[in-house]
$ cat final_26.pdb   # PDB, N, CA and C atoms
ATOM      1  N   MET A   2      42.499  -7.224   0.410
ATOM      2  CA  MET A   2      42.586  -8.483   1.099
ATOM      3  C   MET A   2      41.171  -8.991   1.380
ATOM      4  N   VAL A   3      40.927 -10.206   1.014
ATOM      5  CA  VAL A   3      39.624 -10.823   1.220
ATOM      6  C   VAL A   3      39.674 -11.633   2.509
ATOM      7  N   ILE A   4      38.733 -11.369   3.367
ATOM      8  CA  ILE A   4      38.651 -12.117   4.615
ATOM      9  C   ILE A   4      37.499 -13.100   4.483
ATOM     10  N   CYS A   5      37.792 -14.360   4.735
ATOM     11  CA  CYS A   5      36.765 -15.397   4.658
ATOM     12  C   CYS A   5      36.504 -15.930   6.055
ATOM     13  N   MET A   6      35.287 -16.322   6.270
ATOM     14  CA  MET A   6      34.909 -16.849   7.565
ATOM     15  C   MET A   6      34.342 -18.235   7.381
ATOM     16  N   LYS A   7      34.820 -19.152   8.158
ATOM     17  CA  LYS A   7      34.259 -20.503   8.122
ATOM     18  C   LYS A   7      33.070 -20.537   9.062
ATOM     19  N   THR A   8      32.026 -21.188   8.614
ATOM     20  CA  THR A   8      30.848 -21.329   9.457
ATOM     21  C   THR A   8      30.180 -22.658   9.159
ATOM     22  N   THR A   9      29.352 -23.072  10.058
ATOM     23  CA  THR A   9      28.613 -24.312   9.878
ATOM     24  C   THR A   9      27.151 -23.976   9.649
ATOM     25  N   ILE A  10      26.577 -24.545   8.609
ATOM     26  CA  ILE A  10      25.140 -24.374   8.387
ATOM     27  C   ILE A  10      24.496 -25.748   8.404
ATOM     28  N   VAL A  11      23.319 -25.801   8.936
ATOM     29  CA  VAL A  11      22.591 -27.069   9.013
ATOM     30  C   VAL A  11      21.523 -27.045   7.929
ATOM     31  N   LEU A  12      21.602 -27.993   7.014
ATOM     32  CA  LEU A  12      20.659 -28.089   5.902
ATOM     33  C   LEU A  12      19.925 -29.424   5.976
ATOM     34  N   PRO A  13      18.677 -29.421   5.531
ATOM     35  CA  PRO A  13      17.995 -30.708   5.424
ATOM     36  C   PRO A  13      18.769 -31.611   4.459
ATOM     37  N   ASP A  14      18.777 -32.912   4.740
ATOM     38  CA  ASP A  14      19.554 -33.861   3.934
ATOM     39  C   ASP A  14      19.238 -33.753   2.445
ATOM     40  N   GLY A  15      17.981 -33.702   2.109
ATOM     41  CA  GLY A  15      17.592 -33.648   0.699
ATOM     42  C   GLY A  15      18.104 -32.392   0.013
ATOM     43  N   LEU A  16      18.046 -31.265   0.697
ATOM     44  CA  LEU A  16      18.495 -30.002   0.115
ATOM     45  C   LEU A  16      20.011 -30.009  -0.067
ATOM     46  N   ALA A  17      20.731 -30.496   0.915
ATOM     47  CA  ALA A  17      22.194 -30.562   0.811
ATOM     48  C   ALA A  17      22.603 -31.463  -0.348
ATOM     49  N   GLU A  18      21.930 -32.576  -0.499
ATOM     50  CA  GLU A  18      22.246 -33.505  -1.591
ATOM     51  C   GLU A  18      21.963 -32.871  -2.948
ATOM     52  N   GLN A  19      20.824 -32.186  -3.069
ATOM     53  CA  GLN A  19      20.486 -31.505  -4.328
ATOM     54  C   GLN A  19      21.527 -30.442  -4.654
ATOM     55  N   ALA A  20      21.936 -29.686  -3.643
ATOM     56  CA  ALA A  20      22.921 -28.621  -3.860
ATOM     57  C   ALA A  20      24.261 -29.204  -4.306
ATOM     58  N   LYS A  21      24.694 -30.283  -3.683
ATOM     59  CA  LYS A  21      25.960 -30.915  -4.069
ATOM     60  C   LYS A  21      25.890 -31.431  -5.505
ATOM     61  N   ASN A  22      24.781 -32.067  -5.860
ATOM     62  CA  ASN A  22      24.614 -32.555  -7.237
ATOM     63  C   ASN A  22      24.614 -31.401  -8.237
ATOM     64  N   TYR A  23      23.905 -30.317  -7.905
ATOM     65  CA  TYR A  23      23.856 -29.150  -8.786
ATOM     66  C   TYR A  23      25.257 -28.580  -8.977
ATOM     67  N   ALA A  24      26.000 -28.447  -7.884
ATOM     68  CA  ALA A  24      27.356 -27.904  -7.951
ATOM     69  C   ALA A  24      28.241 -28.787  -8.838
ATOM     70  N   ALA A  25      28.129 -30.104  -8.687
ATOM     71  CA  ALA A  25      28.936 -31.024  -9.503
ATOM     72  C   ALA A  25      28.572 -30.918 -10.979
ATOM     73  N   GLU A  26      27.272 -30.825 -11.268
ATOM     74  CA  GLU A  26      26.821 -30.727 -12.667
ATOM     75  C   GLU A  26      27.251 -29.420 -13.313
ATOM     76  N   HIS A  27      27.402 -28.364 -12.520
ATOM     77  CA  HIS A  27      27.736 -27.046 -13.067
ATOM     78  C   HIS A  27      29.193 -26.663 -12.808
ATOM     79  N   ASP A  28      29.987 -27.655 -12.454
ATOM     80  CA  ASP A  28      31.421 -27.469 -12.289
ATOM     81  C   ASP A  28      31.762 -26.309 -11.347
ATOM     82  N   CYS A  29      31.140 -26.314 -10.186
ATOM     83  CA  CYS A  29      31.455 -25.318  -9.163
ATOM     84  C   CYS A  29      31.451 -26.016  -7.802
ATOM     85  N   THR A  30      31.937 -25.312  -6.818
ATOM     86  CA  THR A  30      31.979 -25.911  -5.489
ATOM     87  C   THR A  30      30.670 -25.657  -4.754
ATOM     88  N   PHE A  31      30.443 -26.450  -3.739
ATOM     89  CA  PHE A  31      29.264 -26.266  -2.883
ATOM     90  C   PHE A  31      29.311 -24.869  -2.248
ATOM     91  N   THR A  32      30.501 -24.457  -1.820
ATOM     92  CA  THR A  32      30.669 -23.127  -1.205
ATOM     93  C   THR A  32      30.311 -22.031  -2.204
ATOM     94  N   ALA A  33      30.783 -22.157  -3.436
ATOM     95  CA  ALA A  33      30.473 -21.143  -4.461
ATOM     96  C   ALA A  33      28.968 -21.070  -4.708
ATOM     97  N   LEU A  34      28.330 -22.219  -4.698
ATOM     98  CA  LEU A  34      26.877 -22.252  -4.894
ATOM     99  C   LEU A  34      26.166 -21.514  -3.763
ATOM    100  N   VAL A  35      26.576 -21.767  -2.534
ATOM    101  CA  VAL A  35      25.970 -21.093  -1.381
ATOM    102  C   VAL A  35      26.233 -19.592  -1.439
ATOM    103  N   VAL A  36      27.470 -19.201  -1.763
ATOM    104  CA  VAL A  36      27.831 -17.779  -1.846
ATOM    105  C   VAL A  36      26.999 -17.086  -2.926
ATOM    106  N   ASP A  37      26.900 -17.698  -4.118
ATOM    107  CA  ASP A  37      26.107 -17.103  -5.206
ATOM    108  C   ASP A  37      24.631 -16.977  -4.803
ATOM    109  N   GLY A  38      24.115 -18.014  -4.163
ATOM    110  CA  GLY A  38      22.721 -17.967  -3.722
ATOM    111  C   GLY A  38      22.473 -16.863  -2.704
ATOM    112  N   LEU A  39      23.391 -16.713  -1.756
ATOM    113  CA  LEU A  39      23.250 -15.641  -0.765
ATOM    114  C   LEU A  39      23.337 -14.264  -1.418
ATOM    115  N   HIS A  40      24.259 -14.122  -2.387
ATOM    116  CA  HIS A  40      24.358 -12.843  -3.104
ATOM    117  C   HIS A  40      23.053 -12.523  -3.831
ATOM    118  N   LEU A  41      22.458 -13.511  -4.473
ATOM    119  CA  LEU A  41      21.192 -13.289  -5.178
ATOM    120  C   LEU A  41      20.093 -12.826  -4.221
ATOM    121  N   ILE A  42      19.994 -13.484  -3.103
ATOM    122  CA  ILE A  42      18.947 -13.137  -2.136
ATOM    123  C   ILE A  42      19.192 -11.765  -1.534
ATOM    124  N   LEU A  43      20.432 -11.475  -1.169
ATOM    125  CA  LEU A  43      20.734 -10.208  -0.501
ATOM    126  C   LEU A  43      20.724  -9.024  -1.455
ATOM    127  N   ARG A  44      20.865  -9.280  -2.745
ATOM    128  CA  ARG A  44      20.864  -8.214  -3.741
ATOM    129  C   ARG A  44      19.453  -7.707  -4.045
ATOM    130  N   GLN A  45      18.456  -8.542  -3.802
ATOM    131  CA  GLN A  45      17.078  -8.169  -4.114
ATOM    132  C   GLN A  45      16.592  -7.081  -3.163
ATOM    133  N   PRO A  46      15.862  -6.093  -3.703
ATOM    134  CA  PRO A  46      15.325  -5.057  -2.819
ATOM    135  C   PRO A  46      14.276  -5.668  -1.891
ATOM    136  N   PRO A  47      14.168  -5.139  -0.698
ATOM    137  CA  PRO A  47      13.166  -5.681   0.223
ATOM    138  C   PRO A  47      11.755  -5.438  -0.310
ATOM    139  N   GLU A  48      10.879  -6.369  -0.022
ATOM    140  CA  GLU A  48       9.498  -6.216  -0.455
ATOM    141  C   GLU A  48       8.852  -5.094   0.350
ATOM    142  N   PRO A  49       8.121  -4.209  -0.322
ATOM    143  CA  PRO A  49       7.491  -3.109   0.416
ATOM    144  C   PRO A  49       6.415  -3.651   1.356
ATOM    145  N   GLU A  50       6.300  -2.990   2.486
ATOM    146  CA  GLU A  50       5.256  -3.386   3.419
ATOM    147  C   GLU A  50       3.910  -2.914   2.877
ATOM    148  N   LEU A  51       2.960  -3.803   2.870
ATOM    149  CA  LEU A  51       1.630  -3.442   2.407
ATOM    150  C   LEU A  51       0.868  -2.811   3.560
ATOM    151  N   THR A  52       0.257  -1.704   3.271
ATOM    152  CA  THR A  52      -0.540  -1.056   4.304
ATOM    153  C   THR A  52      -2.012  -1.333   4.043
ATOM    154  N   THR A  53      -2.750  -1.366   5.098
ATOM    155  CA  THR A  53      -4.181  -1.580   4.974
ATOM    156  C   THR A  53      -4.829  -0.253   4.606
ATOM    157  N   LEU A  54      -5.590  -0.277   3.540
ATOM    158  CA  LEU A  54      -6.280   0.938   3.114
ATOM    159  C   LEU A  54      -7.475   1.195   4.015
ATOM    160  N   PRO A  55      -7.747   2.463   4.256
ATOM    161  CA  PRO A  55      -8.904   2.761   5.105
ATOM    162  C   PRO A  55     -10.211   2.390   4.398
ATOM    163  N   THR A  56     -11.183   2.025   5.168
ATOM    164  CA  THR A  56     -12.499   1.717   4.615
ATOM    165  C   THR A  56     -13.512   2.647   5.262
ATOM    166  N   PHE A  57     -14.607   2.807   4.600
ATOM    167  CA  PHE A  57     -15.665   3.632   5.142
ATOM    168  C   PHE A  57     -16.989   3.146   4.598
ATOM    169  N   SER A  58     -18.025   3.551   5.269
ATOM    170  CA  SER A  58     -19.359   3.234   4.796
ATOM    171  C   SER A  58     -19.880   4.471   4.085
ATOM    172  N   GLY A  59     -20.073   4.342   2.815
ATOM    173  CA  GLY A  59     -20.540   5.485   2.043
ATOM    174  C   GLY A  59     -22.050   5.641   2.080
ATOM    175  N   GLY A  60     -22.699   4.800   2.838
ATOM    176  CA  GLY A  60     -24.151   4.892   2.890
ATOM    177  C   GLY A  60     -24.771   4.236   1.679
ATOM    178  N   ARG A  61     -25.923   4.702   1.316
ATOM    179  CA  ARG A  61     -26.642   4.095   0.203
ATOM    180  C   ARG A  61     -25.986   4.460  -1.129
ATOM    181  N   THR A  62     -26.219   3.656  -2.142
ATOM    182  CA  THR A  62     -25.694   3.914  -3.465
ATOM    183  C   THR A  62     -26.460   5.073  -4.077
ATOM    184  N   LEU A  63     -25.732   6.051  -4.584
ATOM    185  CA  LEU A  63     -26.379   7.231  -5.144
ATOM    186  C   LEU A  63     -26.604   7.130  -6.645
ATOM    187  N   VAL A  64     -25.757   6.346  -7.320
ATOM    188  CA  VAL A  64     -25.847   6.242  -8.777
ATOM    189  C   VAL A  64     -25.649   4.795  -9.180
ATOM    190  N   ASP A  65     -26.481   4.338 -10.087
ATOM    191  CA  ASP A  65     -26.301   3.009 -10.667
ATOM    192  C   ASP A  65     -25.278   3.155 -11.784
ATOM    193  N   ILE A  66     -24.068   2.634 -11.572
ATOM    194  CA  ILE A  66     -23.012   2.864 -12.557
ATOM    195  C   ILE A  66     -23.253   2.129 -13.868
ATOM    196  N   ALA A  67     -24.199   1.226 -13.893
ATOM    197  CA  ALA A  67     -24.537   0.554 -15.144
ATOM    198  C   ALA A  67     -25.399   1.456 -16.032
ATOM    199  N   ASP A  68     -25.979   2.498 -15.439
ATOM    200  CA  ASP A  68     -26.841   3.443 -16.175
ATOM    201  C   ASP A  68     -26.000   4.666 -16.538
ATOM    202  N   LYS A  69     -25.523   4.712 -17.804
ATOM    203  CA  LYS A  69     -24.638   5.797 -18.228
ATOM    204  C   LYS A  69     -25.282   7.169 -18.073
ATOM    205  N   ASP A  70     -26.553   7.264 -18.401
ATOM    206  CA  ASP A  70     -27.227   8.563 -18.293
ATOM    207  C   ASP A  70     -27.260   9.042 -16.847
ATOM    208  N   ALA A  71     -27.498   8.114 -15.916
ATOM    209  CA  ALA A  71     -27.533   8.480 -14.500
ATOM    210  C   ALA A  71     -26.151   8.931 -14.029
ATOM    211  N   VAL A  72     -25.112   8.281 -14.527
ATOM    212  CA  VAL A  72     -23.751   8.672 -14.151
ATOM    213  C   VAL A  72     -23.459  10.077 -14.649
ATOM    214  N   TRP A  73     -23.786  10.343 -15.923
ATOM    215  CA  TRP A  73     -23.525  11.676 -16.466
ATOM    216  C   TRP A  73     -24.379  12.729 -15.768
ATOM    217  N   ASP A  74     -25.600  12.396 -15.410
ATOM    218  CA  ASP A  74     -26.436  13.333 -14.646
ATOM    219  C   ASP A  74     -25.778  13.664 -13.311
ATOM    220  N   ALA A  75     -25.195  12.646 -12.672
ATOM    221  CA  ALA A  75     -24.514  12.881 -11.395
ATOM    222  C   ALA A  75     -23.296  13.775 -11.599
ATOM    223  N   PHE A  76     -22.547  13.558 -12.695
ATOM    224  CA  PHE A  76     -21.409  14.433 -12.994
ATOM    225  C   PHE A  76     -21.878  15.866 -13.191
ATOM    226  N   ASP A  77     -22.952  16.033 -13.962
ATOM    227  CA  ASP A  77     -23.484  17.367 -14.204
ATOM    228  C   ASP A  77     -23.930  18.033 -12.911
ATOM    229  N   ALA A  78     -24.575  17.266 -12.040
ATOM    230  CA  ALA A  78     -25.013  17.807 -10.753
ATOM    231  C   ALA A  78     -23.805  18.215  -9.916
ATOM    232  N   GLY A  79     -22.751  17.412  -9.960
ATOM    233  CA  GLY A  79     -21.527  17.746  -9.236
ATOM    234  C   GLY A  79     -20.893  19.011  -9.780
ATOM    235  N   ALA A  80     -20.935  19.182 -11.083
ATOM    236  CA  ALA A  80     -20.376  20.383 -11.695
ATOM    237  C   ALA A  80     -21.155  21.613 -11.263
ATOM    238  N   ARG A  81     -22.469  21.476 -11.196
ATOM    239  CA  ARG A  81     -23.287  22.610 -10.748
ATOM    240  C   ARG A  81     -22.968  22.956  -9.297
ATOM    241  N   LEU A  82     -22.795  21.941  -8.456
ATOM    242  CA  LEU A  82     -22.434  22.191  -7.059
ATOM    243  C   LEU A  82     -21.065  22.845  -6.957
ATOM    244  N   ALA A  83     -20.124  22.379  -7.768
ATOM    245  CA  ALA A  83     -18.771  22.919  -7.718
ATOM    246  C   ALA A  83     -18.743  24.377  -8.148
ATOM    247  N   THR A  84     -19.502  24.720  -9.194
ATOM    248  CA  THR A  84     -19.484  26.100  -9.662
ATOM    249  C   THR A  84     -20.245  27.015  -8.720
ATOM    250  N   ALA A  85     -21.153  26.470  -7.926
ATOM    251  CA  ALA A  85     -21.873  27.284  -6.952
ATOM    252  C   ALA A  85     -20.983  27.625  -5.762
ATOM    253  N   ASP A  86     -19.960  26.827  -5.519
ATOM    254  CA  ASP A  86     -19.031  27.052  -4.416
ATOM    255  C   ASP A  86     -18.100  28.203  -4.799
ATOM    256  N   ALA A  87     -17.902  29.147  -3.897
ATOM    257  CA  ALA A  87     -17.068  30.317  -4.184
ATOM    258  C   ALA A  87     -15.639  29.915  -4.548
ATOM    259  N   GLY A  88     -15.134  28.824  -3.963
ATOM    260  CA  GLY A  88     -13.779  28.375  -4.250
ATOM    261  C   GLY A  88     -13.611  27.899  -5.683
ATOM    262  N   PHE A  89     -14.703  27.544  -6.335
ATOM    263  CA  PHE A  89     -14.634  27.056  -7.703
ATOM    264  C   PHE A  89     -15.141  28.085  -8.710
ATOM    265  N   ALA A  90     -15.285  29.316  -8.285
ATOM    266  CA  ALA A  90     -15.806  30.351  -9.180
ATOM    267  C   ALA A  90     -14.942  30.496 -10.431
ATOM    268  N   ARG A  91     -13.657  30.290 -10.293
ATOM    269  CA  ARG A  91     -12.771  30.440 -11.447
ATOM    270  C   ARG A  91     -12.985  29.359 -12.506
ATOM    271  N   PHE A  92     -13.732  28.283 -12.170
ATOM    272  CA  PHE A  92     -13.988  27.205 -13.109
ATOM    273  C   PHE A  92     -15.375  27.296 -13.745
ATOM    274  N   GLN A  93     -16.098  28.379 -13.511
ATOM    275  CA  GLN A  93     -17.473  28.478 -13.999
ATOM    276  C   GLN A  93     -17.561  28.445 -15.518
ATOM    277  N   HIS A  94     -16.512  28.860 -16.185
ATOM    278  CA  HIS A  94     -16.533  28.866 -17.646
ATOM    279  C   HIS A  94     -16.386  27.457 -18.224
ATOM    280  N   LEU A  95     -15.964  26.490 -17.402
ATOM    281  CA  LEU A  95     -15.794  25.116 -17.885
ATOM    282  C   LEU A  95     -17.140  24.399 -17.915
ATOM    283  N   ARG A  96     -17.302  23.535 -18.883
ATOM    284  CA  ARG A  96     -18.520  22.736 -18.980
ATOM    285  C   ARG A  96     -18.140  21.274 -18.980
ATOM    286  N   TRP A  97     -18.997  20.470 -18.418
ATOM    287  CA  TRP A  97     -18.777  19.026 -18.463
ATOM    288  C   TRP A  97     -19.068  18.554 -19.872
ATOM    289  N   PHE A  98     -18.220  17.706 -20.371
ATOM    290  CA  PHE A  98     -18.370  17.211 -21.722
ATOM    291  C   PHE A  98     -18.657  15.707 -21.654
ATOM    292  N   ASN A  99     -19.727  15.290 -22.263
ATOM    293  CA  ASN A  99     -20.090  13.885 -22.324
ATOM    294  C   ASN A  99     -19.811  13.404 -23.742
ATOM    295  N   PRO A 100     -18.739  12.618 -23.939
ATOM    296  CA  PRO A 100     -18.408  12.194 -25.304
ATOM    297  C   PRO A 100     -19.414  11.208 -25.881
ATOM    298  N   LEU A 101     -20.240  10.609 -25.035
ATOM    299  CA  LEU A 101     -21.229   9.657 -25.522
ATOM    300  C   LEU A 101     -22.544  10.319 -25.903
ATOM    301  N   GLN A 102     -22.708  11.548 -25.465
ATOM    302  CA  GLN A 102     -23.964  12.235 -25.706
ATOM    303  C   GLN A 102     -23.899  12.959 -27.062
ATOM    304  N   THR A 103     -24.931  12.818 -27.838
ATOM    305  CA  THR A 103     -24.981  13.524 -29.118
ATOM    306  C   THR A 103     -25.671  14.868 -28.911
ATOM    307  N   ALA A 104     -25.333  15.807 -29.748
ATOM    308  CA  ALA A 104     -25.868  17.173 -29.581
ATOM    309  C   ALA A 104     -27.321  17.265 -29.869
TER     310      ALA A 104
END

$ encode --input "final_26.pdb" --output "C-alpha cells"
Amino acid sequence: MVICMKTTIVLPDGLAEQAKNYAAEHDCTFTALVVDGLHLILRQPPEPELTTLPTFSGGRTLVDIADKDAVWDAFDAGARLATADAGFARFQHLRWFNPLQTA
C-alpha cells in the first residue's frame, strides 16, 4: 500500500512556471516532476566534508628541486642516514638508484 501525503510548497513564480512548462512538454504531471527531482537529489551520496590539512613551517629550503644533481645528492645523504640508524640496518644492502645518472 502506497501512502501519499499532500503538502504545500512555495516556489518562486518563475521556477514554478518553468516546471509546469517542462512537465507539459514531457507529458508528465507537475507532481511527478517534483517527485523525480526529489528522488534524484536524495539518491546522491552526500558530499564528503573537506578537512583542513595541517601546515607547518619547514624552515629554510634544503634542496633546490630544479637542480636534479642536488636532489639526488639529498636522496643519497638520506640513504646514508637511514642505513646508519640501527632500525634500518636490515636495509643496508639496498642502494639508491638514480636512473638519470650514467655509470

$ atom_distance --input "final_26.pdb" --atom1 "CA of Asp14 in chain A" --atom2 "atom C of Glu26 in chain A"
19.4 Å

$ atom_distance --input "final_26.pdb" --atom1 "atom N of Lys21 in chain A" --atom2 "atom C of Ile42 in chain A"
19.4 Å

$ atom_distance --input "final_26.pdb" --atom1 "atom N of Arg61 in chain A" --atom2 "CA of Asp74 in chain A"
18.2 Å

$ closest_residue --input "final_26.pdb" --among "A:Pro13, A:Gly60, A:Ile4, A:Ala20" --to "Leu34 in chain A" --atoms "all atoms listed in the file"
A:Ala20

$ decode --input "final_26.pdb" --residues "range 4-24 of chain A" --atoms "N, CA and C atoms" --output "CSV table (one decimal), in the first residue's frame"
chain,number,residue,atom,x,y,z
A,4,ILE,N,1.3,5.1,0.6
A,4,ILE,CA,0.7,6.2,1.3
A,4,ILE,C,1.3,7.5,0.7
A,5,CYS,N,0.4,8.4,0.4
A,5,CYS,CA,0.8,9.7,-0.2
A,5,CYS,C,0.4,10.8,0.8
A,6,MET,N,1.2,11.8,0.8
A,6,MET,CA,0.9,12.9,1.6
A,6,MET,C,0.8,14.2,0.8
A,7,LYS,N,-0.2,14.9,1.1
A,7,LYS,CA,-0.3,16.2,0.4
A,7,LYS,C,0.4,17.3,1.2
A,8,THR,N,1.1,18.1,0.5
A,8,THR,CA,1.8,19.2,1.1
A,8,THR,C,1.8,20.4,0.2
A,9,THR,N,2.1,21.5,0.8
A,9,THR,CA,2.2,22.8,0.1
A,9,THR,C,3.7,23.2,0.0
A,10,ILE,N,4.1,23.5,-1.2
A,10,ILE,CA,5.5,24.0,-1.3
A,10,ILE,C,5.4,25.4,-1.9
A,11,VAL,N,6.2,26.3,-1.5
A,11,VAL,CA,6.2,27.7,-2.0
A,11,VAL,C,7.4,27.8,-3.0
A,12,LEU,N,7.1,28.1,-4.2
A,12,LEU,CA,8.2,28.2,-5.2
A,12,LEU,C,8.2,29.6,-5.8
A,13,PRO,N,9.3,30.1,-6.2
A,13,PRO,CA,9.3,31.3,-6.9
A,13,PRO,C,8.5,31.2,-8.2
A,14,ASP,N,7.8,32.3,-8.6
A,14,ASP,CA,6.9,32.2,-9.7
A,14,ASP,C,7.6,31.7,-11.0
A,15,GLY,N,8.8,32.2,-11.3
A,15,GLY,CA,9.5,31.8,-12.5
A,15,GLY,C,9.8,30.3,-12.5
A,16,LEU,N,10.2,29.8,-11.3
A,16,LEU,CA,10.6,28.4,-11.2
A,16,LEU,C,9.3,27.5,-11.4
A,17,ALA,N,8.3,27.9,-10.8
A,17,ALA,CA,7.0,27.1,-10.9
A,17,ALA,C,6.5,27.1,-12.3
A,18,GLU,N,6.6,28.2,-13.0
A,18,GLU,CA,6.2,28.3,-14.4
A,18,GLU,C,7.1,27.4,-15.3
A,19,GLN,N,8.4,27.5,-15.1
A,19,GLN,CA,9.3,26.6,-15.9
A,19,GLN,C,9.0,25.2,-15.6
A,20,ALA,N,8.8,24.8,-14.4
A,20,ALA,CA,8.5,23.4,-14.1
A,20,ALA,C,7.2,22.9,-14.7
A,21,LYS,N,6.2,23.8,-14.7
A,21,LYS,CA,4.9,23.4,-15.3
A,21,LYS,C,5.1,23.2,-16.8
A,22,ASN,N,5.8,24.1,-17.5
A,22,ASN,CA,6.1,24.0,-18.9
A,22,ASN,C,6.9,22.8,-19.2
A,23,TYR,N,7.9,22.5,-18.4
A,23,TYR,CA,8.7,21.3,-18.6
A,23,TYR,C,7.8,20.0,-18.5
A,24,ALA,N,7.0,20.0,-17.5
A,24,ALA,CA,6.1,18.8,-17.3
A,24,ALA,C,5.2,18.7,-18.5
